[in-house]
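Structure below is work_34.txt: compact mmCIF, C-alpha atoms.
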```txt
# COMPACT_ATOMS: atom_id res chain seq x y z
CA MET E 1 0.78 30.89 4.28
CA PRO E 2 -1.66 30.02 7.10
CA THR E 3 -2.16 26.48 8.34
CA VAL E 4 -5.61 24.95 8.02
CA GLU E 5 -6.07 25.30 11.78
CA GLU E 6 -5.17 29.01 11.64
CA ALA E 7 -7.57 29.52 8.74
CA TYR E 8 -10.45 27.91 10.64
CA GLU E 9 -9.68 29.90 13.79
CA HIS E 10 -9.78 33.13 11.78
CA CYS E 11 -13.22 32.18 10.45
CA ARG E 12 -14.41 31.27 13.94
CA ARG E 13 -13.52 34.78 15.15
CA ILE E 14 -15.41 36.33 12.22
CA ALA E 15 -18.50 34.22 12.93
CA LYS E 16 -18.41 35.00 16.65
CA ALA E 17 -18.17 38.74 15.95
CA ARG E 18 -20.70 39.02 13.15
CA ALA E 19 -23.10 36.07 12.96
CA ARG E 20 -25.83 37.67 15.03
CA HIS E 21 -28.49 35.02 14.40
CA PHE E 22 -26.43 31.92 13.73
CA PHE E 23 -23.31 31.73 15.91
CA TYR E 24 -25.08 30.21 18.91
CA SER E 25 -26.56 27.63 16.52
CA PHE E 26 -23.05 26.76 15.39
CA ARG E 27 -22.08 26.11 19.00
CA LEU E 28 -24.64 23.29 19.13
CA LEU E 29 -22.74 21.37 16.46
CA PRO E 30 -20.00 18.76 16.83
CA PRO E 31 -16.54 20.40 16.57
CA LEU E 32 -15.83 19.40 12.96
CA GLN E 33 -19.18 20.67 11.68
CA ARG E 34 -18.87 23.79 13.83
CA GLU E 35 -15.60 24.88 12.29
CA SER E 36 -16.90 24.14 8.78
CA MET E 37 -19.98 26.29 9.36
CA CYS E 38 -17.80 29.15 10.61
CA ALA E 39 -15.77 28.91 7.38
CA ILE E 40 -18.93 28.95 5.27
CA TYR E 41 -20.28 31.92 7.20
CA ALA E 42 -17.00 33.83 6.82
CA PHE E 43 -17.00 33.21 3.06
CA THR E 44 -20.59 34.37 2.56
CA ARG E 45 -20.09 37.35 4.91
CA HIS E 46 -17.03 38.59 3.03
CA SER E 47 -18.76 38.08 -0.33
CA ASP E 48 -21.75 40.12 0.87
CA ASP E 49 -19.49 42.84 2.28
CA ILE E 50 -17.84 43.29 -1.12
CA VAL E 51 -21.09 44.15 -2.89
CA ASP E 52 -22.37 46.34 -0.04
CA GLN E 53 -19.36 48.68 0.23
CA ALA E 54 -21.19 51.99 -0.13
CA ASP E 55 -17.94 53.97 -0.20
CA LEU E 56 -16.91 52.29 -3.47
CA THR E 57 -18.39 52.78 -6.91
CA VAL E 58 -20.49 50.02 -8.40
CA ASP E 59 -17.77 49.37 -10.99
CA SER E 60 -15.16 49.02 -8.25
CA ARG E 61 -17.35 46.56 -6.36
CA ARG E 62 -17.96 44.59 -9.53
CA VAL E 63 -14.22 44.33 -10.09
CA ALA E 64 -13.74 43.27 -6.46
CA ILE E 65 -16.37 40.50 -6.53
CA ARG E 66 -14.93 39.14 -9.78
CA GLU E 67 -11.43 39.12 -8.27
CA TRP E 68 -12.87 37.30 -5.24
CA ARG E 69 -14.35 34.73 -7.64
CA ASN E 70 -10.98 34.29 -9.35
CA ASN E 71 -9.30 33.95 -5.97
CA LEU E 72 -11.82 31.27 -5.03
CA GLN E 73 -10.96 29.36 -8.20
CA ARG E 74 -7.27 29.58 -7.32
CA HIS E 75 -7.94 28.21 -3.85
CA PHE E 76 -10.00 25.33 -5.22
CA ALA E 77 -6.93 24.62 -7.38
CA GLY E 78 -4.66 24.48 -4.33
CA SER E 79 -3.77 28.02 -3.22
CA ARG E 80 -3.91 28.65 0.55
CA GLU E 81 -2.99 32.34 0.79
CA ASP E 82 -6.34 33.74 1.98
CA ARG E 83 -7.45 32.40 5.37
CA VAL E 84 -11.18 32.58 4.66
CA LEU E 85 -10.90 30.91 1.27
CA ALA E 86 -8.44 28.32 2.58
CA ALA E 87 -10.86 27.24 5.30
CA PHE E 88 -13.89 27.43 3.01
CA CYS E 89 -12.33 25.29 0.27
CA HIS E 90 -11.11 22.79 2.86
CA ALA E 91 -14.66 22.52 4.24
CA CYS E 92 -16.04 21.98 0.72
CA GLU E 93 -13.59 19.14 0.18
CA ARG E 94 -14.24 17.67 3.62
CA HIS E 95 -18.01 17.46 3.10
CA ALA E 96 -18.11 16.85 -0.67
CA ILE E 97 -19.93 20.16 -1.23
CA PRO E 98 -20.39 20.84 -4.96
CA ARG E 99 -18.22 23.78 -6.01
CA SER E 100 -21.01 25.08 -8.22
CA TYR E 101 -22.91 26.20 -5.10
CA SER E 102 -20.30 28.84 -4.22
CA PHE E 103 -20.19 30.22 -7.76
CA ASP E 104 -24.00 30.36 -7.88
CA LEU E 105 -23.87 32.39 -4.67
CA LEU E 106 -21.39 34.83 -6.18
CA ASP E 107 -23.56 35.14 -9.30
CA GLY E 108 -26.45 36.21 -7.08
CA MET E 109 -24.36 38.75 -5.23
CA GLU E 110 -22.93 40.21 -8.40
CA GLY E 111 -26.51 40.58 -9.64
CA ASP E 112 -27.10 43.02 -6.78
CA LEU E 113 -24.74 45.41 -8.55
CA SER E 114 -26.67 45.42 -11.81
CA GLY E 115 -29.82 47.19 -10.61
CA GLN E 116 -31.81 44.07 -11.42
CA VAL E 117 -35.60 44.30 -11.47
CA PHE E 118 -37.72 41.25 -10.70
CA GLU E 119 -40.77 41.24 -12.93
CA ASN E 120 -42.42 38.20 -11.33
CA PHE E 121 -41.93 35.62 -8.61
CA GLU E 122 -40.13 33.25 -10.96
CA ASP E 123 -37.42 35.90 -11.36
CA LEU E 124 -37.27 36.41 -7.60
CA TYR E 125 -37.12 32.66 -6.95
CA SER E 126 -34.05 32.38 -9.16
CA TYR E 127 -32.37 35.15 -7.18
CA CYS E 128 -33.35 33.60 -3.82
CA TYR E 129 -31.96 30.27 -4.98
CA ARG E 130 -28.56 31.84 -5.67
CA ALA E 131 -28.59 34.05 -2.57
CA ALA E 132 -29.85 31.53 0.00
CA SER E 133 -30.85 28.09 -1.26
CA VAL E 134 -27.29 27.22 -2.24
CA VAL E 135 -26.25 28.14 1.32
CA GLY E 136 -28.95 25.84 2.68
CA MET E 137 -27.81 22.97 0.47
CA THR E 138 -24.21 23.65 1.46
CA THR E 139 -25.22 23.54 5.11
CA ILE E 140 -26.91 20.15 4.99
CA HIS E 141 -23.83 18.71 3.29
CA VAL E 142 -21.98 19.79 6.42
CA PHE E 143 -24.69 18.43 8.73
CA GLY E 144 -25.16 15.17 6.85
CA PHE E 145 -28.49 14.01 5.42
CA GLU E 146 -30.40 11.00 4.16
CA GLY E 147 -32.08 10.97 0.75
CA ARG E 148 -31.92 13.31 -2.21
CA GLN E 149 -35.24 14.82 -1.16
CA ALA E 150 -33.35 16.61 1.60
CA LEU E 151 -31.65 18.78 -1.01
CA THR E 152 -35.01 19.86 -2.42
CA LEU E 153 -36.27 20.69 1.06
CA ALA E 154 -33.09 22.61 1.87
CA GLU E 155 -33.63 24.63 -1.31
CA ARG E 156 -37.16 25.53 -0.21
CA CYS E 157 -36.00 26.36 3.31
CA GLY E 158 -33.41 28.70 1.81
CA ILE E 159 -36.14 30.42 -0.20
CA ALA E 160 -38.09 30.94 3.03
CA PHE E 161 -35.05 32.46 4.74
CA GLN E 162 -34.39 34.86 1.88
CA LEU E 163 -38.04 35.93 1.60
CA THR E 164 -37.91 36.70 5.31
CA ASN E 165 -34.79 38.81 4.78
CA ILE E 166 -36.41 40.66 1.90
CA MET E 167 -39.52 41.49 3.92
CA ARG E 168 -37.50 42.64 6.93
CA ASP E 169 -35.05 44.76 4.91
CA ILE E 170 -37.38 46.61 2.51
CA ALA E 171 -36.38 50.04 3.85
CA ALA E 172 -32.65 49.29 4.09
CA ASP E 173 -32.59 47.84 0.59
CA ALA E 174 -34.48 50.85 -0.78
CA GLU E 175 -31.78 53.12 0.66
CA MET E 176 -29.28 51.22 -1.52
CA GLY E 177 -31.56 51.55 -4.57
CA ARG E 178 -32.70 47.93 -4.44
CA VAL E 179 -36.22 46.51 -4.60
CA TYR E 180 -36.43 42.74 -4.52
CA LEU E 181 -40.22 42.48 -4.56
CA PRO E 182 -41.83 41.34 -7.85
CA GLN E 183 -43.09 44.20 -9.98
CA CYS E 184 -46.29 42.46 -11.01
CA GLU E 185 -47.20 41.80 -7.37
CA LEU E 186 -46.49 45.38 -6.31
CA ALA E 187 -48.69 46.60 -9.15
CA GLU E 188 -51.48 44.23 -8.14
CA TYR E 189 -51.64 45.94 -4.74
CA GLY E 190 -51.24 49.47 -6.13
CA ILE E 191 -47.63 49.99 -5.06
CA SER E 192 -44.83 51.14 -7.35
CA ARG E 193 -41.10 50.53 -7.20
CA ASP E 194 -40.50 54.30 -7.19
CA GLU E 195 -42.70 54.72 -4.11
CA LEU E 196 -40.62 52.17 -2.21
CA LEU E 197 -37.36 53.79 -3.30
CA SER E 198 -38.56 57.26 -2.29
CA GLY E 199 -40.03 56.08 1.02
CA SER E 200 -43.48 57.45 0.21
CA VAL E 201 -45.30 54.24 1.15
CA ARG E 202 -46.51 53.98 4.75
CA ALA E 203 -46.71 50.72 6.68
CA GLY E 204 -50.20 51.48 7.93
CA GLU E 205 -51.70 51.84 4.45
CA ASP E 206 -54.25 49.19 3.58
CA ARG E 207 -52.53 48.37 0.28
CA PHE E 208 -49.19 47.79 2.02
CA GLN E 209 -50.77 45.68 4.74
CA LYS E 210 -52.47 43.42 2.20
CA PHE E 211 -49.34 43.19 0.08
CA MET E 212 -47.20 42.22 3.06
CA ASP E 213 -49.72 39.67 4.29
CA PHE E 214 -49.52 38.03 0.86
CA GLN E 215 -45.73 37.94 1.13
CA TYR E 216 -45.97 36.55 4.68
CA GLN E 217 -48.28 33.72 3.67
CA ARG E 218 -45.99 32.65 0.84
CA ALA E 219 -42.84 32.76 2.97
CA ASP E 220 -44.52 30.77 5.73
CA ARG E 221 -45.67 28.20 3.19
CA PHE E 222 -42.07 27.62 2.14
CA TYR E 223 -41.11 27.05 5.78
CA ARG E 224 -43.93 24.54 6.28
CA GLU E 225 -43.12 22.72 3.04
CA SER E 226 -39.54 22.18 4.24
CA ALA E 227 -40.55 20.82 7.66
CA ALA E 228 -39.51 17.21 6.94
CA LEU E 229 -35.90 18.34 6.49
CA LEU E 230 -35.30 18.18 10.24
CA GLY E 231 -35.89 14.43 10.31
CA MET E 232 -33.61 13.85 7.31
CA THR E 233 -30.63 15.58 8.90
CA SER E 234 -27.92 13.75 10.83
CA PRO E 235 -29.06 13.45 14.49
CA PRO E 236 -26.10 15.31 16.07
CA CYS E 237 -26.88 18.37 13.92
CA ARG E 238 -30.67 18.51 14.17
CA ALA E 239 -30.75 20.85 17.14
CA ALA E 240 -28.62 23.42 15.31
CA LEU E 241 -30.81 23.26 12.20
CA TRP E 242 -33.92 23.57 14.35
CA ALA E 243 -32.46 26.70 16.01
CA MET E 244 -31.70 28.28 12.61
CA ILE E 245 -35.22 27.65 11.34
CA ALA E 246 -36.81 28.76 14.63
CA THR E 247 -34.82 32.00 14.51
CA TYR E 248 -35.75 32.95 10.97
CA ARG E 249 -39.36 31.81 11.20
CA GLY E 250 -39.52 33.74 14.46
CA ILE E 251 -38.38 36.88 12.64
CA LEU E 252 -41.11 36.33 10.05
CA LYS E 253 -43.76 36.04 12.76
CA ARG E 254 -42.33 39.09 14.52
CA ILE E 255 -42.85 41.07 11.32
CA ARG E 256 -46.53 40.11 11.27
CA ARG E 257 -47.02 40.85 14.98
CA ALA E 258 -45.56 44.34 14.40
CA GLY E 259 -48.25 45.03 11.81
CA PHE E 260 -45.70 44.70 8.99
CA ASP E 261 -44.08 47.97 10.06
CA VAL E 262 -40.73 47.24 8.43
CA LEU E 263 -40.45 50.72 6.93
CA SER E 264 -39.61 52.61 10.13
CA GLN E 265 -37.71 49.99 12.12
CA GLU E 266 -35.58 46.86 11.75
CA LEU E 267 -37.52 44.01 13.29
CA GLY E 268 -35.74 41.13 14.96
CA LEU E 269 -36.18 38.73 17.84
CA SER E 270 -36.19 39.94 21.42
CA LYS E 271 -33.52 38.70 23.82
CA PRO E 272 -36.03 36.49 25.71
CA SER E 273 -37.09 34.91 22.40
CA LYS E 274 -33.47 34.20 21.48
CA LEU E 275 -32.81 32.70 24.91
CA GLY E 276 -35.93 30.55 24.58
CA ILE E 277 -34.75 29.18 21.23
CA ALA E 278 -31.26 28.54 22.58
CA GLY E 279 -32.61 26.77 25.67
CA HIS E 280 -34.91 24.51 23.68
CA ALA E 281 -32.15 23.73 21.19
CA LEU E 282 -29.84 22.70 24.05
CA TRP E 283 -32.58 20.43 25.37
CA LEU E 284 -33.03 18.88 21.94
CA ARG E 285 -29.31 18.22 21.67
CA ALA E 286 -29.18 16.68 25.14
CA THR E 287 -32.17 14.38 24.56
CA GLY E 288 -31.38 13.51 20.96
CA ARG E 289 -35.03 13.86 19.97
CA VAL E 290 -36.20 14.55 16.43
CA PRO E 291 -37.39 18.15 16.78
CA SER E 292 -40.88 19.19 15.93
CA PHE E 293 -41.01 21.93 13.35
CA PRO E 294 -40.81 25.37 15.05
CA ALA E 295 -44.28 26.73 15.77
```
Would you mind writing the structure in this file as structure tokens?
Amino acid sequence: MPTVEEAYEHCRRIAKARARHFFYSFRLLPPLQRESMCAIYAFTRHSDDIVDQADLTVDSRRVAIREWRNNLQRHFAGSREDRVLAAFCHACERHAIPRSYSFDLLDGMEGDLSGQVFENFEDLYSYCYRAASVVGMTTIHVFGFEGRQALTLAERCGIAFQLTNIMRDIAADAEMGRVYLPQCELAEYGISRDELLSGSVRAGEDRFQKFMDFQYQRADRFYRESAALLGMTSPPCRAALWAMIATYRGILKRIRRAGFDVLSQELGLSKPSKLGIAGHALWLRATGRVPSFPA
């Protein structure tokens, strides 16, 4: 059975190897918060990997995610056999993170295996809450916060992150038979779910451009509505939160600058943009200033 220190070190290695957008943000945190965030990342990464195993049948993946859920329950009850779950459950106890958040997350991931169709934005919001908002609320428990309003703002920030993911990954999701965009909104712009799944929509089409601009405006609104969260977060952790938001909002803006061409390429931040965010975040940490919301 691993020690707590060994469990956290295992999660740190996972985060360093796989957290493309977030690991450098973790390095801005105080040591205790840093190791907790690596544990949270490792847990969410493994959960996501279970449902995305293309070499397994859907039924096999459903069995695997349910066994992972049961294993999580056993670790909350005291088991320490799995290094990721041992570190994750320890972090939840350390920061008084509600256990319901992790089970909500697993509910959302299991939903990916059901071929779910989102008829409207209310349906999509519920999914985004389970897939991302609960991670945001978990994160600010680690960072520390003042006022219950911070939880509401973290929920909205999580929605913004997930909407950004959905916009960026339309083509990749379609390859897995998934369309997260609301059916009524697609129909309003003359786009069908089948067209997205078959790849017959082109990024340059006027209908797709207008549809994506609508999605962009909504996602950006969720970012702006969560702006006050930075000032509610514990000062030693503000730079890391700023870097996370700057990274994901930067991806959203990159999508717009590329003319919403997410169908033929995966859009992300350039190396100079990442270095710029990292440099500014280091300056924020050194000066202790309350960061302005990322432009």
Axis-aligned box for range 206-211 of chain E, 5 Å per side, centre and edges in Å as lines of an AutoDock Vina configuration file:
```
center_x = -51.7
center_y = 46.2
center_z = 2.4
size_x = 15.1
size_y = 16.0
size_z = 14.7
```
Next item on the list: Find the residues around range 27-32 of chain E up to 7 Å (all atoms listed in the file counted), leave out those fewer than 3 positions away in its own chain, and share them as a list in words.
Entry: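 Skipping anything fewer than 3 positions along the chain leaves Phe23, Tyr24, Glu35, Ser36, Pro236, Cys237, Ala239 and Ala240 of chain E.
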Next item on the list: Can you work out which one of E:Met109, E:Thr247, E:Ala42, E:Gly115 has the shortest atom-to-atom distance to Lys271 in chain E, counting all atoms listed in the file?
Entry: E:Thr247
Notebook entry, point to check: Around (-19.9, 27.0, -8.1) in the file's frame, which residues reach within 12 Å when counting only C-alpha atoms? Return as a ChimeraX atom specification?
Noted result: /E:69-70,72-73,76,89,92,97-108,130,134-135,138
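Counting all atoms listed in the file and comparing E:Leu282, E:Pro2, E:Leu186, E:Leu241, the residue that lies closest to Ser79 in chain E is E:Pro2.
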Checklist line | Atomic distance CA of Asp206 in chain E - CA of Cys184 in chain E, expressed in Å with one decimal | finding: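 Separation of CA of Asp206 in chain E and CA of Cys184 in chain E: 17.9 Å.
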